[in-house]
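Pasting query27.txt here (compact mmCIF, C-alpha atoms):
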```
# COMPACT_ATOMS: atom_id res chain seq x y z
CA MET R 11 -13.80 -1.63 -39.68
CA LYS R 12 -16.17 1.23 -38.97
CA ILE R 13 -14.48 4.58 -39.65
CA THR R 14 -15.60 7.94 -38.25
CA ILE R 15 -13.89 11.15 -39.38
CA VAL R 16 -14.39 14.43 -37.54
CA GLY R 17 -13.01 17.80 -38.58
CA ARG R 18 -12.46 20.23 -35.68
CA GLN R 19 -13.37 23.74 -36.85
CA MET R 20 -12.87 22.63 -40.45
CA ASP R 21 -14.43 20.53 -43.19
CA VAL R 22 -13.01 17.10 -43.97
CA PRO R 23 -11.22 17.30 -47.36
CA LYS R 24 -12.89 15.50 -50.25
CA GLY R 25 -11.38 12.11 -50.96
CA PHE R 26 -9.80 11.83 -47.51
CA TYR R 27 -12.36 9.25 -46.33
CA GLU R 28 -11.45 6.93 -49.20
CA LEU R 29 -7.72 7.39 -48.52
CA ALA R 30 -8.18 6.67 -44.79
CA GLU R 31 -10.36 3.64 -45.54
CA LYS R 32 -7.73 2.26 -47.92
CA LYS R 33 -4.89 2.76 -45.41
CA LEU R 34 -6.84 1.37 -42.45
CA SER R 35 -8.05 -1.68 -44.38
CA LYS R 36 -4.59 -3.23 -44.12
CA TYR R 37 -5.20 -3.59 -40.36
CA ASP R 38 -8.46 -5.52 -40.76
CA LYS R 39 -6.55 -8.78 -40.38
CA PHE R 40 -5.53 -7.79 -36.83
CA PHE R 41 -9.01 -6.93 -35.58
CA LYS R 42 -12.40 -8.58 -35.26
CA ASP R 43 -15.48 -7.23 -37.00
CA ASP R 44 -16.30 -4.97 -34.02
CA ALA R 45 -13.29 -2.71 -34.66
CA SER R 46 -13.88 1.00 -35.06
CA ALA R 47 -11.55 3.82 -36.01
CA HIS R 48 -12.11 7.41 -34.97
CA ILE R 49 -10.12 10.05 -36.88
CA THR R 50 -9.97 13.66 -35.70
CA MET R 51 -8.55 16.33 -37.99
CA ARG R 52 -7.60 19.90 -37.05
CA LYS R 53 -5.32 22.69 -38.18
CA ARG R 54 -3.00 24.81 -36.05
CA LYS R 55 -1.01 27.56 -37.71
CA ASN R 56 0.80 25.92 -40.67
CA LEU R 57 0.46 22.37 -39.34
CA GLU R 58 -2.24 19.81 -39.92
CA ILE R 59 -2.87 17.50 -36.96
CA LEU R 60 -4.38 14.04 -37.30
CA GLU R 61 -5.41 11.79 -34.41
CA VAL R 62 -6.43 8.16 -35.03
CA THR R 63 -7.88 5.89 -32.35
CA ILE R 64 -8.67 2.26 -33.19
CA SER R 65 -10.62 0.24 -30.64
CA SER R 66 -11.50 -3.42 -30.76
CA ALA R 67 -12.40 -5.93 -28.05
CA GLY R 68 -11.45 -3.53 -25.26
CA MET R 69 -8.00 -2.73 -26.68
CA MET R 70 -7.18 0.74 -27.95
CA PHE R 71 -4.43 1.84 -30.31
CA ARG R 72 -3.87 5.57 -30.68
CA GLY R 73 -1.62 7.81 -32.69
CA GLU R 74 -1.41 11.57 -33.15
CA GLU R 75 0.88 13.32 -35.61
CA GLU R 76 1.50 16.80 -36.99
CA ALA R 77 2.62 17.27 -40.58
CA SER R 78 2.41 19.69 -43.47
CA THR R 79 -0.50 17.73 -45.02
CA PHE R 80 -3.12 15.37 -43.66
CA GLN R 81 -1.87 12.63 -46.01
CA ASN R 82 1.65 12.84 -44.52
CA ALA R 83 0.20 12.89 -41.01
CA LEU R 84 -1.91 9.81 -41.85
CA ASP R 85 1.20 7.95 -43.06
CA GLU R 86 3.05 8.81 -39.82
CA VAL R 87 0.08 7.79 -37.65
CA MET R 88 -0.20 4.48 -39.51
CA ASN R 89 3.49 3.79 -38.81
CA SER R 90 2.92 4.59 -35.15
CA ILE R 91 -0.09 2.27 -34.88
CA GLU R 92 1.77 -0.47 -36.73
CA ARG R 93 4.59 -0.22 -34.15
CA GLN R 94 2.01 -0.47 -31.36
CA LEU R 95 0.46 -3.57 -32.94
CA ARG R 96 3.86 -5.23 -33.33
CA LYS R 97 4.81 -4.31 -29.75
CA ASN R 98 1.52 -5.68 -28.43
CA LYS R 99 1.96 -8.93 -30.35
CA THR R 100 5.42 -9.56 -28.86
CA ARG R 101 4.29 -8.60 -25.37
CA LEU R 102 1.38 -11.01 -25.51
CA GLY R 103 3.88 -13.75 -26.26
CA LYS R 104 5.82 -12.98 -23.11
CA ARG R 105 4.52 -13.11 -19.56
CA ILE R 106 5.30 -10.42 -17.03
CA ARG R 107 7.70 -11.69 -14.40
CA GLU R 108 6.30 -13.09 -11.17
CA GLY R 109 6.64 -10.76 -8.23
CA VAL R 110 6.30 -7.49 -10.15
CA PHE R 111 3.63 -6.39 -7.73
CA PRO R 112 4.23 -6.46 -3.98
CA LYS R 113 1.42 -8.12 -2.03
CA GLU R 114 0.90 -5.07 0.18
CA PRO R 115 2.55 -1.72 -0.52
CA THR R 116 4.33 -0.07 2.39
CA GLU R 117 3.02 3.15 3.90
CA THR R 118 5.79 5.23 2.31
CA GLU R 119 4.99 3.79 -1.12
CA GLN R 120 1.33 4.66 -0.65
CA LEU R 121 2.24 8.27 0.17
CA GLU R 122 4.89 8.52 -2.54
CA ASP R 123 2.84 10.14 -5.29
CA VAL R 124 0.29 12.24 -3.39
CA VAL R 125 -1.94 14.55 -5.43
CA PRO R 126 -2.45 18.10 -4.08
CA ALA R 127 -5.54 18.22 -1.88
CA ALA R 128 -7.10 21.32 -3.44
CA ILE R 129 -7.62 21.42 -7.17
CA HIS R 130 -9.23 24.68 -8.20
CA ASP R 131 -9.53 24.23 -11.95
CA ALA R 132 -12.47 22.57 -13.63
CA PRO R 133 -11.80 19.46 -15.75
CA VAL R 134 -10.30 20.32 -19.10
CA ARG R 135 -11.47 17.18 -20.84
CA ILE R 136 -13.99 14.53 -19.85
CA LYS R 137 -13.85 10.99 -21.26
CA GLU R 138 -16.25 8.11 -20.78
CA PHE R 139 -15.18 4.48 -21.03
CA VAL R 140 -16.81 1.09 -20.77
CA PHE R 141 -14.75 -0.94 -18.34
CA LYS R 142 -14.29 -4.55 -19.34
CA PRO R 143 -12.88 -6.87 -16.67
CA MET R 144 -9.20 -7.60 -17.32
CA SER R 145 -6.13 -8.97 -15.61
CA THR R 146 -3.39 -6.75 -14.22
CA GLU R 147 -1.04 -7.86 -16.98
CA GLU R 148 -3.58 -6.95 -19.66
CA ALA R 149 -4.08 -3.53 -18.01
CA ILE R 150 -0.31 -2.91 -18.15
CA LEU R 151 -0.30 -3.82 -21.84
CA GLN R 152 -3.21 -1.47 -22.48
CA MET R 153 -1.51 1.36 -20.54
CA ASN R 154 1.70 0.90 -22.53
CA MET R 155 -0.17 0.73 -25.83
CA LEU R 156 -1.84 4.06 -25.08
CA GLY R 157 1.46 5.58 -23.94
CA HIS R 158 -0.04 6.69 -20.62
CA GLN R 159 1.55 6.81 -17.17
CA PHE R 160 -1.45 5.16 -15.48
CA PHE R 161 -4.49 3.08 -16.38
CA VAL R 162 -7.77 2.53 -14.49
CA PHE R 163 -9.36 -0.88 -14.98
CA LEU R 164 -11.86 -3.35 -13.56
CA ASN R 165 -9.90 -6.23 -12.04
CA GLU R 166 -11.32 -9.53 -13.28
CA ASP R 167 -10.28 -11.36 -10.08
CA THR R 168 -11.65 -8.94 -7.46
CA GLU R 169 -14.29 -7.20 -9.62
CA LYS R 170 -13.11 -3.84 -8.20
CA MET R 171 -11.61 -0.78 -9.82
CA ASN R 172 -7.79 -0.80 -9.74
CA VAL R 173 -5.09 1.49 -11.13
CA VAL R 174 -1.74 0.43 -12.60
CA TYR R 175 0.92 3.07 -13.03
CA LEU R 176 4.50 3.45 -14.16
CA ARG R 177 6.80 4.46 -11.30
CA LYS R 178 9.83 6.73 -11.60
CA ASP R 179 12.12 3.71 -11.21
CA GLU R 180 10.52 2.21 -14.38
CA LYS R 181 8.67 -0.50 -12.40
CA TYR R 182 4.92 -0.88 -12.25
CA GLY R 183 2.69 -0.01 -9.32
CA LEU R 184 -0.79 -1.24 -8.52
CA ILE R 185 -3.36 0.69 -6.50
CA ILE R 186 -6.14 -1.41 -5.01
CA PRO R 187 -9.08 -0.25 -2.84
CA LYS R 188 -8.79 -0.96 0.85
CA GLU R 189 -11.75 -2.75 2.37
```

Could you express the structure from this file as structure tokens?
Amino acid sequence: MKITIVGRQMDVPKGFYELAEKKLSKYDKFFKDDASAHITMRKRKNLEILEVTISSAGMMFRGEEEASTFQNALDEVMNSIERQLRKNKTRLGKRIREGVFPKEPTETEQLEDVVPAAIHDAPVRIKEFVFKPMSTEEAILQMNMLGHQFFVFLNEDTEKMNVVYLRKDEKYGLIIPKE
């Protein structure tokens, strides 16, 4: 696994790379050779914050923890990622029920979560992603693994950008482009 460590407004402590490499090596059995881990370290007041993102074959596992030391934060992040791996493994074994997605959403459902028309603030953070074609079920798994409320993906069946999202009633929604 390729490991990248970045210190935000700080230097990476000596010996931390070896510690991170040792801890992350136990996950090598779950990933292919293309796996990469990106670790971001920063300090805020008396807390040390560690963010770990592992990506492999289009899947991402992410954890962020605050602790008194980076070693404690790394232990907590590793527990978080291990839970995500276990959760992903059990979800892959199960199939999402048929009929989760309505064939055509009603007009009220389309207007349910409208974003304000005028947004005056500039983007706070910009991210770039490579979109690999995936099924709707795989997109839901990825969204849940990242802990997000929505996920943009390239639908492998239609080859168009789609969005899955978690509704307030704990069901999933799917936004597809109208032709």

One decimal place gives the CA of Tyr182 in chain R-CA of Met153 in chain R separation as 10.7 Å

Minimum-distance residue to Leu29 in chain R, chosen among R:Ser66, R:Asn82, R:Asn172, R:Thr146 (using all atoms listed in the file)
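Ranking R:Ser66, R:Asn82, R:Asn172, R:Thr146 by distance to Leu29 in chain R, first place goes to R:Asn82.
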
Within 12 Å of (-1.4, 16.7, -37.8), in the coordinates the file gives, what residues turn up when you count only C-alpha atoms, written out as number ranges by chain?
R: 17-18, 49-62, 73-87

Same residues, C-alpha atoms, saved as a compact mmCIF listing (two decimals), in the frame of the given file:
```txt
# COMPACT_ATOMS: atom_id res chain seq x y z
CA GLY R 17 -13.01 17.80 -38.58
CA ARG R 18 -12.46 20.23 -35.68
CA ILE R 49 -10.12 10.05 -36.88
CA THR R 50 -9.97 13.66 -35.70
CA MET R 51 -8.55 16.33 -37.99
CA ARG R 52 -7.60 19.90 -37.05
CA LYS R 53 -5.32 22.69 -38.18
CA ARG R 54 -3.00 24.81 -36.05
CA LYS R 55 -1.01 27.56 -37.71
CA ASN R 56 0.80 25.92 -40.67
CA LEU R 57 0.46 22.37 -39.34
CA GLU R 58 -2.24 19.81 -39.92
CA ILE R 59 -2.87 17.50 -36.96
CA LEU R 60 -4.38 14.04 -37.30
CA GLU R 61 -5.41 11.79 -34.41
CA VAL R 62 -6.43 8.16 -35.03
CA GLY R 73 -1.62 7.81 -32.69
CA GLU R 74 -1.41 11.57 -33.15
CA GLU R 75 0.88 13.32 -35.61
CA GLU R 76 1.50 16.80 -36.99
CA ALA R 77 2.62 17.27 -40.58
CA SER R 78 2.41 19.69 -43.47
CA THR R 79 -0.50 17.73 -45.02
CA PHE R 80 -3.12 15.37 -43.66
CA GLN R 81 -1.87 12.63 -46.01
CA ASN R 82 1.65 12.84 -44.52
CA ALA R 83 0.20 12.89 -41.01
CA LEU R 84 -1.91 9.81 -41.85
CA ASP R 85 1.20 7.95 -43.06
CA GLU R 86 3.05 8.81 -39.82
CA VAL R 87 0.08 7.79 -37.65
```

Write out as JSON, numbers by chain which residues come within 12 Å of Asp38 in chain R when counting only C-alpha atoms, dropping same-chain ones fewer than 2 positions away.
{"R": [11, 12, 13, 31, 32, 33, 34, 35, 36, 40, 41, 42, 43, 44, 45, 46, 47, 64, 65, 66]}

Tell me, as a PyMOL selection string, which residues lie within 9 Å of Gln159 in chain R, counting only C-alpha atoms; anything in the same chain fewer than 6 positions away does not count.
chain R and resi 153+174-177

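CA of Phe163 in chain R to CA of Arg135 in chain R spans 19.1 Å [interatomic distance, one decimal].
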
With distances taken over all atoms listed in the file, which residue among R:Leu151, R:Asp21, R:Gly157, R:Met144 lies nearest Ser90 in chain R?
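With all atoms listed in the file as the atom set, the closest residue is R:Gly157.
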
Exercise: Leu95 in chain R partners within 10 Å, all atoms listed in the file, chain neighbours under 3 positions left out, as a list of chain:residue names
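In the requested format, the answer is R:Tyr37, R:Phe40, R:Phe71, R:Asn89, R:Ser90, R:Ile91, R:Glu92, R:Asn98, R:Lys99, R:Thr100, R:Arg101, R:Met155.
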
Between CA of Asn165 in chain R and CA of Lys142 in chain R, measure the distance and give it in Å to one decimal.
8.7 Å

Between R:Ile150, R:Thr168, R:Lys97, R:Val173, which has the minimum distance to Glu189 in chain R (counting only C-alpha atoms)?
R:Thr168

Could you check the closest approach to Gly68 in chain R for each of R:Val140, R:Met171, R:Ile185, R:Met88 and tell me which residue wins, using all atoms listed in the file?
R:Val140
